[in-house]
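Colleague: File target_5.json below, JSON, C-alpha atoms:
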[["chain", "number", "residue", "atom", "x", "y", "z"],
["B", 34, "MET", "CA", 0.00, 0.00, 0.00],
["B", 35, "VAL", "CA", 1.33, 3.45, -1.02],
["B", 36, "THR", "CA", 1.64, 5.80, 1.92],
["B", 37, "GLN", "CA", 0.74, 9.47, 1.73],
["B", 38, "GLU", "CA", 4.41, 10.43, 1.94],
["B", 39, "GLN", "CA", 5.34, 8.09, -0.92],
["B", 40, "ARG", "CA", 2.53, 9.50, -3.01],
["B", 41, "ARG", "CA", 3.70, 13.04, -2.28],
["B", 42, "ARG", "CA", 7.24, 12.17, -3.39],
["B", 43, "GLN", "CA", 5.97, 10.50, -6.56],
["B", 44, "LEU", "CA", 3.95, 13.60, -7.49],
["B", 45, "ALA", "CA", 6.96, 15.78, -6.80],
["B", 46, "ARG", "CA", 9.13, 13.65, -9.11],
["B", 47, "GLU", "CA", 6.51, 13.79, -11.85],
["B", 48, "LYS", "CA", 6.27, 17.56, -11.52],
["B", 49, "PHE", "CA", 10.06, 17.85, -11.70],
["B", 50, "LEU", "CA", 10.18, 15.74, -14.87],
["B", 51, "ARG", "CA", 7.49, 17.86, -16.50],
["B", 52, "GLN", "CA", 9.45, 21.02, -15.68],
["B", 53, "GLN", "CA", 12.61, 19.53, -17.15],
["B", 54, "GLN", "CA", 10.78, 18.59, -20.33],
["B", 55, "ARG", "CA", 9.36, 22.10, -20.68],
["B", 56, "ARG", "CA", 12.79, 23.63, -20.13],
["B", 57, "THR", "CA", 14.42, 21.35, -22.69],
["B", 58, "SER", "CA", 11.72, 22.22, -25.20],
["B", 59, "ALA", "CA", 12.15, 25.94, -24.51],
["B", 60, "ARG", "CA", 15.90, 25.69, -25.02],
["B", 61, "ARG", "CA", 15.49, 23.90, -28.33],
["B", 62, "LYS", "CA", 13.01, 26.49, -29.54],
["B", 63, "ALA", "CA", 15.31, 29.31, -28.48],
["B", 64, "HIS", "CA", 18.32, 27.80, -30.29],
["B", 65, "ALA", "CA", 16.26, 27.19, -33.42],
["B", 66, "ARG", "CA", 14.86, 30.70, -33.36],
["B", 67, "ASN", "CA", 18.27, 32.32, -32.92],
["B", 68, "ALA", "CA", 19.79, 30.22, -35.70],
["B", 69, "VAL", "CA", 17.06, 31.48, -38.01],
["B", 70, "ILE", "CA", 17.63, 35.07, -36.91],
["B", 71, "ALA", "CA", 21.35, 34.72, -37.51],
["B", 72, "SER", "CA", 20.94, 33.35, -40.99],
["B", 73, "VAL", "CA", 18.43, 36.02, -41.89],
["B", 74, "LEU", "CA", 20.67, 38.89, -41.04],
["B", 75, "GLY", "CA", 23.32, 37.78, -43.42],
["B", 76, "VAL", "CA", 21.13, 36.97, -46.31],
["B", 77, "VAL", "CA", 20.03, 40.54, -46.46],
["B", 78, "VAL", "CA", 22.30, 42.19, -48.98],
["B", 79, "VAL", "CA", 22.20, 42.02, -52.74],
["B", 80, "GLY", "CA", 19.23, 40.02, -53.78],
["B", 81, "SER", "CA", 19.39, 38.13, -50.58],
["B", 82, "VAL", "CA", 16.46, 37.24, -48.42],
["B", 83, "VAL", "CA", 16.82, 38.99, -45.17],
["B", 84, "SER", "CA", 14.50, 36.33, -44.09],
["B", 85, "TYR", "CA", 17.76, 34.97, -42.86],
["B", 86, "ALA", "CA", 17.14, 31.72, -44.54],
["B", 87, "THR", "CA", 20.35, 31.37, -46.47],
["B", 88, "GLY", "CA", 22.75, 32.18, -43.79],
["B", 89, "VAL", "CA", 24.56, 35.46, -43.84],
["B", 90, "PHE", "CA", 24.12, 36.11, -40.18],
["B", 91, "LYS", "CA", 24.17, 32.43, -39.71],
["B", 92, "GLN", "CA", 25.37, 31.63, -36.28],
["B", 93, "ASP", "CA", 24.75, 29.10, -33.58],
["B", 94, "ASP", "CA", 23.71, 31.19, -30.61],
["B", 95, "ASN", "CA", 24.73, 29.67, -27.31],
["B", 96, "LYS", "CA", 22.35, 31.12, -24.80],
["B", 97, "SER", "CA", 22.44, 30.03, -21.22],
["B", 98, "ASP", "CA", 19.82, 27.62, -19.95],
["B", 99, "ALA", "CA", 18.57, 30.27, -17.59],
["B", 100, "ALA", "CA", 18.01, 32.73, -20.41],
["B", 101, "ALA", "CA", 16.21, 30.12, -22.47],
["B", 102, "GLU", "CA", 13.97, 29.23, -19.56],
["B", 103, "ALA", "CA", 13.24, 32.82, -18.69],
["B", 104, "THR", "CA", 12.33, 33.81, -22.24],
["B", 105, "PRO", "CA", 9.60, 31.55, -23.59],
["B", 106, "SER", "CA", 8.37, 32.22, -27.12],
["B", 107, "PRO", "CA", 5.61, 34.82, -27.10],
["B", 108, "SER", "CA", 2.30, 33.51, -28.34],
["B", 109, "ALA", "CA", 1.03, 36.77, -29.82],
["B", 110, "PRO", "CA", 2.62, 39.75, -31.57],
["B", 111, "SER", "CA", 3.43, 42.73, -29.40],
["B", 112, "LYS", "CA", 2.48, 46.13, -30.70],
["B", 113, "ALA", "CA", 4.00, 49.12, -28.97],
["B", 114, "PRO", "CA", 3.17, 52.74, -29.82],
["B", 115, "ASP", "CA", 5.16, 54.24, -32.68],
["B", 116, "PRO", "CA", 7.62, 56.69, -31.07],
["B", 117, "CYS", "CA", 8.74, 58.22, -34.37],
["B", 118, "ASP", "CA", 7.59, 61.13, -36.51],
["B", 119, "LYS", "CA", 5.95, 61.07, -39.89],
["B", 120, "ALA", "CA", 8.34, 60.59, -42.80],
["B", 121, "ALA", "CA", 9.32, 63.57, -44.93],
["B", 122, "GLY", "CA", 7.80, 63.83, -48.37],
["B", 123, "GLY", "CA", 9.65, 62.16, -51.21],
["B", 124, "LYS", "CA", 10.14, 58.82, -52.93],
["B", 125, "VAL", "CA", 12.86, 56.20, -52.92],
["B", 126, "LYS", "CA", 15.06, 56.42, -56.00],
["B", 127, "SER", "CA", 15.30, 53.35, -58.19],
["B", 128, "LEU", "CA", 19.04, 53.13, -58.78],
["B", 129, "SER", "CA", 21.23, 50.25, -59.92],
["B", 130, "TYR", "CA", 24.84, 50.07, -61.02],
["B", 131, "LYS", "CA", 26.78, 47.40, -62.88],
["B", 132, "LYS", "CA", 30.02, 47.62, -60.93],
["B", 133, "GLU", "CA", 31.52, 48.90, -57.73],
["B", 134, "PRO", "CA", 32.30, 52.63, -57.92],
["B", 135, "ALA", "CA", 35.85, 53.79, -58.48],
["B", 136, "MET", "CA", 37.79, 54.68, -55.34],
["B", 137, "THR", "CA", 37.39, 58.43, -54.70],
["B", 138, "ILE", "CA", 37.75, 58.76, -50.93],
["B", 139, "ASP", "CA", 40.85, 59.54, -48.90],
["B", 140, "LYS", "CA", 41.77, 56.16, -47.40],
["B", 141, "SER", "CA", 43.61, 57.82, -44.52],
["B", 142, "ALA", "CA", 40.66, 59.96, -43.44],
["B", 143, "ASP", "CA", 37.61, 59.42, -41.26],
["B", 144, "TYR", "CA", 34.13, 59.98, -42.62],
["B", 145, "THR", "CA", 30.79, 60.51, -40.92],
["B", 146, "MET", "CA", 27.55, 59.17, -42.31],
["B", 147, "LYS", "CA", 24.55, 60.97, -40.84],
["B", 148, "LEU", "CA", 21.20, 59.23, -41.07],
["B", 149, "GLN", "CA", 18.48, 61.78, -40.45],
["B", 150, "THR", "CA", 15.65, 59.44, -39.53],
["B", 151, "THR", "CA", 12.06, 59.88, -38.46],
["B", 152, "CYS", "CA", 13.17, 58.75, -34.99],
["B", 153, "GLY", "CA", 16.14, 61.10, -34.71],
["B", 154, "ALA", "CA", 19.63, 61.57, -36.11],
["B", 155, "ILE", "CA", 22.08, 58.66, -36.11],
["B", 156, "ASP", "CA", 25.70, 59.63, -36.76],
["B", 157, "ILE", "CA", 28.09, 56.87, -37.79],
["B", 158, "ASP", "CA", 31.86, 57.33, -37.65],
["B", 159, "MET", "CA", 33.55, 55.49, -40.55],
["B", 160, "PRO", "CA", 37.37, 55.20, -40.54],
["B", 161, "ALA", "CA", 38.22, 54.68, -44.22],
["B", 162, "SER", "CA", 41.49, 52.92, -43.46],
["B", 163, "LYS", "CA", 39.67, 49.95, -41.92],
["B", 164, "ALA", "CA", 37.10, 49.37, -44.64],
["B", 165, "PRO", "CA", 37.92, 51.56, -47.68],
["B", 166, "HIS", "CA", 35.68, 49.73, -50.17],
["B", 167, "THR", "CA", 32.70, 49.91, -47.83],
["B", 168, "VAL", "CA", 33.18, 53.56, -46.92],
["B", 169, "ASN", "CA", 33.76, 54.48, -50.57],
["B", 170, "SER", "CA", 30.60, 52.63, -51.58],
["B", 171, "PHE", "CA", 28.44, 54.47, -49.05],
["B", 172, "ASN", "CA", 30.04, 57.77, -50.00],
["B", 173, "PHE", "CA", 29.02, 57.06, -53.60],
["B", 174, "LEU", "CA", 25.51, 55.76, -52.88],
["B", 175, "VAL", "CA", 24.63, 58.46, -50.38],
["B", 176, "GLY", "CA", 25.82, 61.09, -52.84],
["B", 177, "LYS", "CA", 23.27, 59.71, -55.31],
["B", 178, "GLY", "CA", 20.45, 59.88, -52.75],
["B", 179, "TYR", "CA", 20.27, 56.09, -52.63],
["B", 180, "LEU", "CA", 19.29, 55.85, -48.95],
["B", 181, "ASP", "CA", 16.90, 58.81, -48.88],
["B", 182, "HIS", "CA", 13.31, 57.87, -47.93],
["B", 183, "THR", "CA", 14.22, 54.21, -47.38],
["B", 184, "LYS", "CA", 12.83, 52.20, -44.47],
["B", 185, "CYS", "CA", 14.84, 50.25, -41.94],
["B", 186, "HIS", "CA", 12.91, 47.06, -42.49],
["B", 187, "ARG", "CA", 14.04, 44.69, -39.76],
["B", 188, "LEU", "CA", 14.54, 44.64, -36.01],
["B", 189, "THR", "CA", 15.76, 41.67, -33.98],
["B", 190, "THR", "CA", 15.20, 41.64, -30.23],
["B", 191, "ASN", "CA", 16.20, 38.14, -29.18],
["B", 192, "GLY", "CA", 19.71, 36.69, -29.32],
["B", 193, "ILE", "CA", 20.87, 39.21, -31.90],
["B", 194, "TYR", "CA", 20.03, 42.87, -31.27],
["B", 195, "VAL", "CA", 20.19, 44.82, -34.49],
["B", 196, "LEU", "CA", 18.27, 47.19, -36.74],
["B", 197, "GLN", "CA", 18.74, 46.48, -40.43],
["B", 198, "CYS", "CA", 18.61, 49.20, -43.08],
["B", 199, "GLY", "CA", 19.90, 50.01, -46.56],
["B", 200, "ASP", "CA", 17.35, 48.24, -48.76],
["B", 201, "PRO", "CA", 15.42, 50.59, -51.09],
["B", 202, "LYS", "CA", 12.78, 47.88, -51.54],
["B", 203, "GLY", "CA", 12.24, 47.53, -47.80],
["B", 204, "THR", "CA", 11.97, 43.76, -48.15],
["B", 205, "GLY", "CA", 15.51, 42.53, -47.51],
["B", 206, "MET", "CA", 15.88, 41.71, -51.19],
["B", 207, "GLY", "CA", 17.29, 44.97, -52.51],
["B", 208, "GLY", "CA", 20.81, 46.03, -53.45],
["B", 209, "PRO", "CA", 22.75, 48.49, -55.60],
["B", 210, "GLY", "CA", 23.47, 46.02, -58.41],
["B", 211, "TYR", "CA", 27.11, 45.48, -57.44],
["B", 212, "THR", "CA", 28.90, 43.83, -54.54],
["B", 213, "ILE", "CA", 31.88, 44.85, -52.44],
["B", 214, "PRO", "CA", 34.56, 42.74, -50.72],
["B", 215, "ASP", "CA", 34.48, 41.74, -47.06],
["B", 216, "GLU", "CA", 36.80, 43.90, -44.98],
["B", 217, "ASN", "CA", 38.08, 44.36, -41.44],
["B", 218, "LEU", "CA", 36.95, 40.92, -40.26],
["B", 219, "LYS", "CA", 39.87, 40.75, -37.83],
["B", 220, "ASP", "CA", 38.85, 43.94, -36.05],
["B", 221, "LYS", "CA", 39.75, 43.72, -32.36],
["B", 222, "ARG", "CA", 36.23, 44.81, -31.44],
["B", 223, "LEU", "CA", 34.92, 41.44, -32.60],
["B", 224, "LYS", "CA", 36.82, 39.56, -29.91],
["B", 225, "GLY", "CA", 34.95, 36.48, -28.76],
["B", 226, "GLU", "CA", 32.64, 36.58, -31.80],
["B", 227, "VAL", "CA", 30.66, 39.43, -30.34],
["B", 228, "TYR", "CA", 29.61, 42.51, -32.28],
["B", 229, "PRO", "CA", 29.51, 45.08, -29.47],
["B", 230, "ALA", "CA", 26.75, 47.65, -29.06],
["B", 231, "GLY", "CA", 27.35, 50.64, -31.32],
["B", 232, "THR", "CA", 28.89, 48.63, -34.16],
["B", 233, "VAL", "CA", 27.65, 49.15, -37.72],
["B", 234, "ALA", "CA", 28.37, 46.27, -40.11],
["B", 235, "MET", "CA", 27.46, 44.97, -43.53],
["B", 236, "ALA", "CA", 24.89, 42.28, -44.19],
["B", 237, "ASN", "CA", 25.82, 39.75, -46.86],
["B", 238, "GLN", "CA", 24.98, 36.35, -48.30],
["B", 239, "TYR", "CA", 27.72, 34.32, -46.66],
["B", 240, "ASN", "CA", 26.71, 30.81, -45.64],
["B", 241, "ALA", "CA", 29.01, 29.48, -42.94],
["B", 242, "GLN", "CA", 27.96, 25.89, -43.60],
["B", 243, "THR", "CA", 28.78, 25.85, -47.30],
["B", 244, "LYS", "CA", 31.52, 28.50, -47.06],
["B", 245, "GLU", "CA", 29.90, 30.25, -50.02],
["B", 246, "GLY", "CA", 28.87, 33.87, -50.42],
["B", 247, "ARG", "CA", 31.99, 35.76, -49.43],
["B", 248, "ASN", "CA", 32.38, 39.33, -50.75],
["B", 249, "SER", "CA", 28.64, 39.65, -51.33],
["B", 250, "GLY", "CA", 27.93, 42.90, -49.46],
["B", 251, "GLY", "CA", 25.88, 45.53, -51.22],
["B", 252, "SER", "CA", 23.95, 48.36, -49.54],
["B", 253, "GLN", "CA", 22.25, 46.66, -46.59],
["B", 254, "PHE", "CA", 23.79, 47.16, -43.18],
["B", 255, "PHE", "CA", 22.88, 46.56, -39.57],
["B", 256, "LEU", "CA", 23.23, 48.73, -36.47],
["B", 257, "VAL", "CA", 23.92, 46.88, -33.23],
["B", 258, "TYR", "CA", 22.10, 48.39, -30.23],
["B", 259, "GLN", "CA", 23.14, 45.67, -27.74],
["B", 260, "ASP", "CA", 26.08, 43.25, -27.69],
["B", 261, "SER", "CA", 25.27, 40.46, -30.16],
["B", 262, "GLN", "CA", 26.87, 37.04, -30.46],
["B", 263, "LEU", "CA", 27.84, 36.70, -34.12],
["B", 264, "PRO", "CA", 30.79, 35.14, -35.94],
["B", 265, "ALA", "CA", 33.16, 37.62, -37.59],
["B", 266, "ASN", "CA", 31.67, 37.29, -41.07],
["B", 267, "TYR", "CA", 30.21, 40.77, -41.52],
["B", 268, "THR", "CA", 32.35, 43.80, -42.31],
["B", 269, "PRO", "CA", 32.39, 46.19, -39.32],
["B", 270, "PHE", "CA", 32.82, 49.64, -40.83],
["B", 271, "GLY", "CA", 31.39, 52.17, -38.41],
["B", 272, "THR", "CA", 30.51, 53.18, -34.86],
["B", 273, "ILE", "CA", 27.27, 54.84, -33.76],
["B", 274, "SER", "CA", 27.57, 58.11, -31.84],
["B", 275, "GLU", "CA", 26.34, 58.42, -28.26],
["B", 276, "SER", "CA", 23.31, 60.45, -29.34],
["B", 277, "GLY", "CA", 22.64, 57.93, -32.10],
["B", 278, "MET", "CA", 22.59, 55.11, -29.54],
["B", 279, "LYS", "CA", 19.82, 56.92, -27.67],
["B", 280, "VAL", "CA", 17.80, 56.91, -30.89],
["B", 281, "MET", "CA", 18.55, 53.21, -31.32],
["B", 282, "LYS", "CA", 17.32, 52.44, -27.80],
["B", 283, "LYS", "CA", 14.08, 54.28, -28.56],
["B", 284, "ILE", "CA", 13.56, 52.24, -31.72],
["B", 285, "ALA", "CA", 14.39, 48.96, -29.97],
["B", 286, "GLY", "CA", 12.17, 49.83, -27.03],
["B", 287, "ALA", "CA", 9.13, 49.96, -29.31],
["B", 288, "GLY", "CA", 9.70, 46.30, -30.22],
["B", 289, "GLU", "CA", 9.02, 44.44, -33.44],
["B", 290, "SER", "CA", 5.80, 43.45, -35.15],
["B", 291, "THR", "CA", 5.73, 39.64, -34.86],
["B", 292, "GLY", "CA", 6.27, 39.17, -31.16],
["B", 293, "GLN", "CA", 8.83, 36.48, -32.01],
["B", 294, "GLY", "CA", 11.92, 38.67, -31.76],
["B", 295, "ASP", "CA", 12.48, 39.17, -35.50],
["B", 296, "GLY", "CA", 10.31, 41.33, -37.73],
["B", 297, "ALA", "CA", 9.55, 44.85, -38.90],
["B", 298, "PRO", "CA", 10.13, 47.44, -36.18],
["B", 299, "ASN", "CA", 7.00, 48.87, -34.57],
["B", 300, "ALA", "CA", 8.72, 52.23, -34.87],
["B", 301, "THR", "CA", 8.42, 53.61, -38.38],
["B", 302, "VAL", "CA", 12.13, 54.09, -39.06],
["B", 303, "VAL", "CA", 12.60, 55.98, -42.32],
["B", 304, "ILE", "CA", 15.86, 57.60, -43.41],
["B", 305, "ASP", "CA", 14.58, 60.97, -44.57],
["B", 306, "LYS", "CA", 18.05, 62.06, -45.64],
["B", 307, "ALA", "CA", 21.54, 60.56, -45.54],
["B", 308, "THR", "CA", 24.80, 62.46, -45.92],
["B", 309, "VAL", "CA", 28.48, 61.52, -45.81],
["B", 310, "THR", "CA", 31.12, 64.09, -44.87],
["B", 311, "LYS", "CA", 34.86, 63.89, -44.39],
["B", 312, "SER", "CA", 35.67, 64.33, -40.71]]
Could I get this structure in the form of structure tokens?
Modeller:
Amino acid sequence: MVTQEQRRRQLAREKFLRQQQRRTSARRKAHARNAVIASVLGVVVVGSVVSYATGVFKQDDNKSDAAAEATPSPSAPSKAPDPCDKAAGGKVKSLSYKKEPAMTIDKSADYTMKLQTTCGAIDIDMPASKAPHTVNSFNFLVGKGYLDHTKCHRLTTNGIYVLQCGDPKGTGMGGPGYTIPDENLKDKRLKGEVYPAGTVAMANQYNAQTKEGRNSGGSQFFLVYQDSQLPANYTPFGTISESGMKVMKKIAGAGESTGQGDGAPNATVVIDKATVTKS
């Protein structure tokens, strides 16, 4: 005959097993979700699907068990108020070029790209010596008005913490028609395969599994608003100013549209005007 105490212990064991099963399931879902997010980020540039399916930002996020347990997948999209202003009048220019622009910048100088967005100004310091092809490309594109009136189409809020911009189509599929080489992948800031908060880097189509898609950057880039675990596969070319980080926090604070940690930002982030100046 089972005593009351034995029954109590049996129920406790069963409860413990159920908890362990739920935690294991949550961890698997979190790892799967972050792997998808990572691959989406990379597949953004040049005709790539920022759906992160092909693997540019492909990375195997190693979150702690505690984090996985504390962050179950939301069941419904979250919709926060839009903290940004109405976009300025004007249309996105349809521009495409057959080849990378000729080098016209001073490789020894620093440049500043200012993104005047509906949510506030984001200044990005770009040392040309570290990523000359990338800086030269943005100097060229911005001079043509390529980024004006474009939307920042993607925000990730789980595992990888970035805002993605630079696609005139606003779908993750757009690019300038040419590609540029990967640069600065041994930057000391990327120590431990972490892109620190404030980093601005290129999206691309690199697939770490197949080792294909190097040198596939175009116009899409991502702004890191919180330290993000990513392999050093994406050209770091700029640093966000202190005031720009405050704007980034405002955008991130509004969340994204799916409730799953990867979708269009709830904030309507439009680059009204972009400029590049020599510092």
Colleague: Which residues come within 7 Å of segment 293-307 of chain B, counting only C-alpha atoms, excluding same-chain residues fewer than 6 positions away, as a ChimeraX atom specification?
Modeller: /B:70,106-107,112-113,115-117,120-121,146-152,175,180-191,284,287
Colleague: In Å to one decimal, how far is atom CA of Lys132 of chain B from atom CA of Ile273 of chain B?
Modeller: 28.2 Å
Colleague: Produce a table with one row for each residue of segment 135-173 of chain B that has an atom at most 12 Å from any atom of segment 264-272 of chain B, each row naming the nearest atom pair and its distance in Å at one decimal; use all atoms listed in the file; arrange rows by chain and rising residue number; format as a tab-separated table.
Modeller:
residue	atom	partner	partner_atom	distance
B:Asp143	CA	B:Gly271	CA	10.0
B:Tyr144	CA	B:Gly271	CA	9.3
B:Thr145	CA	B:Gly271	CA	8.7
B:Met146	CA	B:Gly271	CA	8.9
B:Lys147	CA	B:Gly271	CA	11.4
B:Ile155	CA	B:Thr272	CA	10.1
B:Asp156	CA	B:Thr272	CA	8.3
B:Ile157	CA	B:Thr272	CA	5.3
B:Asp158	CA	B:Thr272	CA	5.2
B:Met159	CA	B:Gly271	CA	4.5
B:Pro160	CA	B:Gly271	CA	7.0
B:Ala161	CA	B:Phe270	CA	8.1
B:Ser162	CA	B:Phe270	CA	9.6
B:Lys163	CA	B:Phe270	CA	6.9
B:Ala164	CA	B:Phe270	CA	5.7
B:Pro165	CA	B:Phe270	CA	8.8
B:His166	CA	B:Phe270	CA	9.8
B:Thr167	CA	B:Phe270	CA	7.0
B:Val168	CA	B:Phe270	CA	7.3
B:Asn169	CA	B:Phe270	CA	10.9
B:Ser170	CA	B:Phe270	CA	11.4
B:Phe171	CA	B:Phe270	CA	10.5
Colleague: So the first atom is atom CA of Pro229 of chain B and the second is atom CA of Gly192 of chain B; what is the distance between them in Å, to one decimal place?
Modeller: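 Atom CA of Gly192 of chain B lies 12.9 Å from atom CA of Pro229 of chain B.
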Colleague: Would you compute the distance between atom CA of Ser274 of chain B and atom CA of Ser290 of chain B? Give it in Å to one decimal.
Modeller: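 Separating atom CA of Ser274 of chain B from atom CA of Ser290 of chain B is a distance of 26.5 Å.
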Colleague: From the set B:Asp139, B:Asn172, B:Ser261, B:Asp200, which residue has the shortest atom-to-atom contact distance to Ser127 of chain B, counting only C-alpha atoms?
Modeller: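 Among the listed residues, B:Asp200 lies closest to Ser127 of chain B.
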Colleague: Taking into account all atoms listed in the file, which residue in the set B:Met206, B:Leu223, B:Val309, B:Ile213 is nearest to Glu133 of chain B?
Modeller: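 With all atoms listed in the file as the atom set, the closest residue is B:Ile213.
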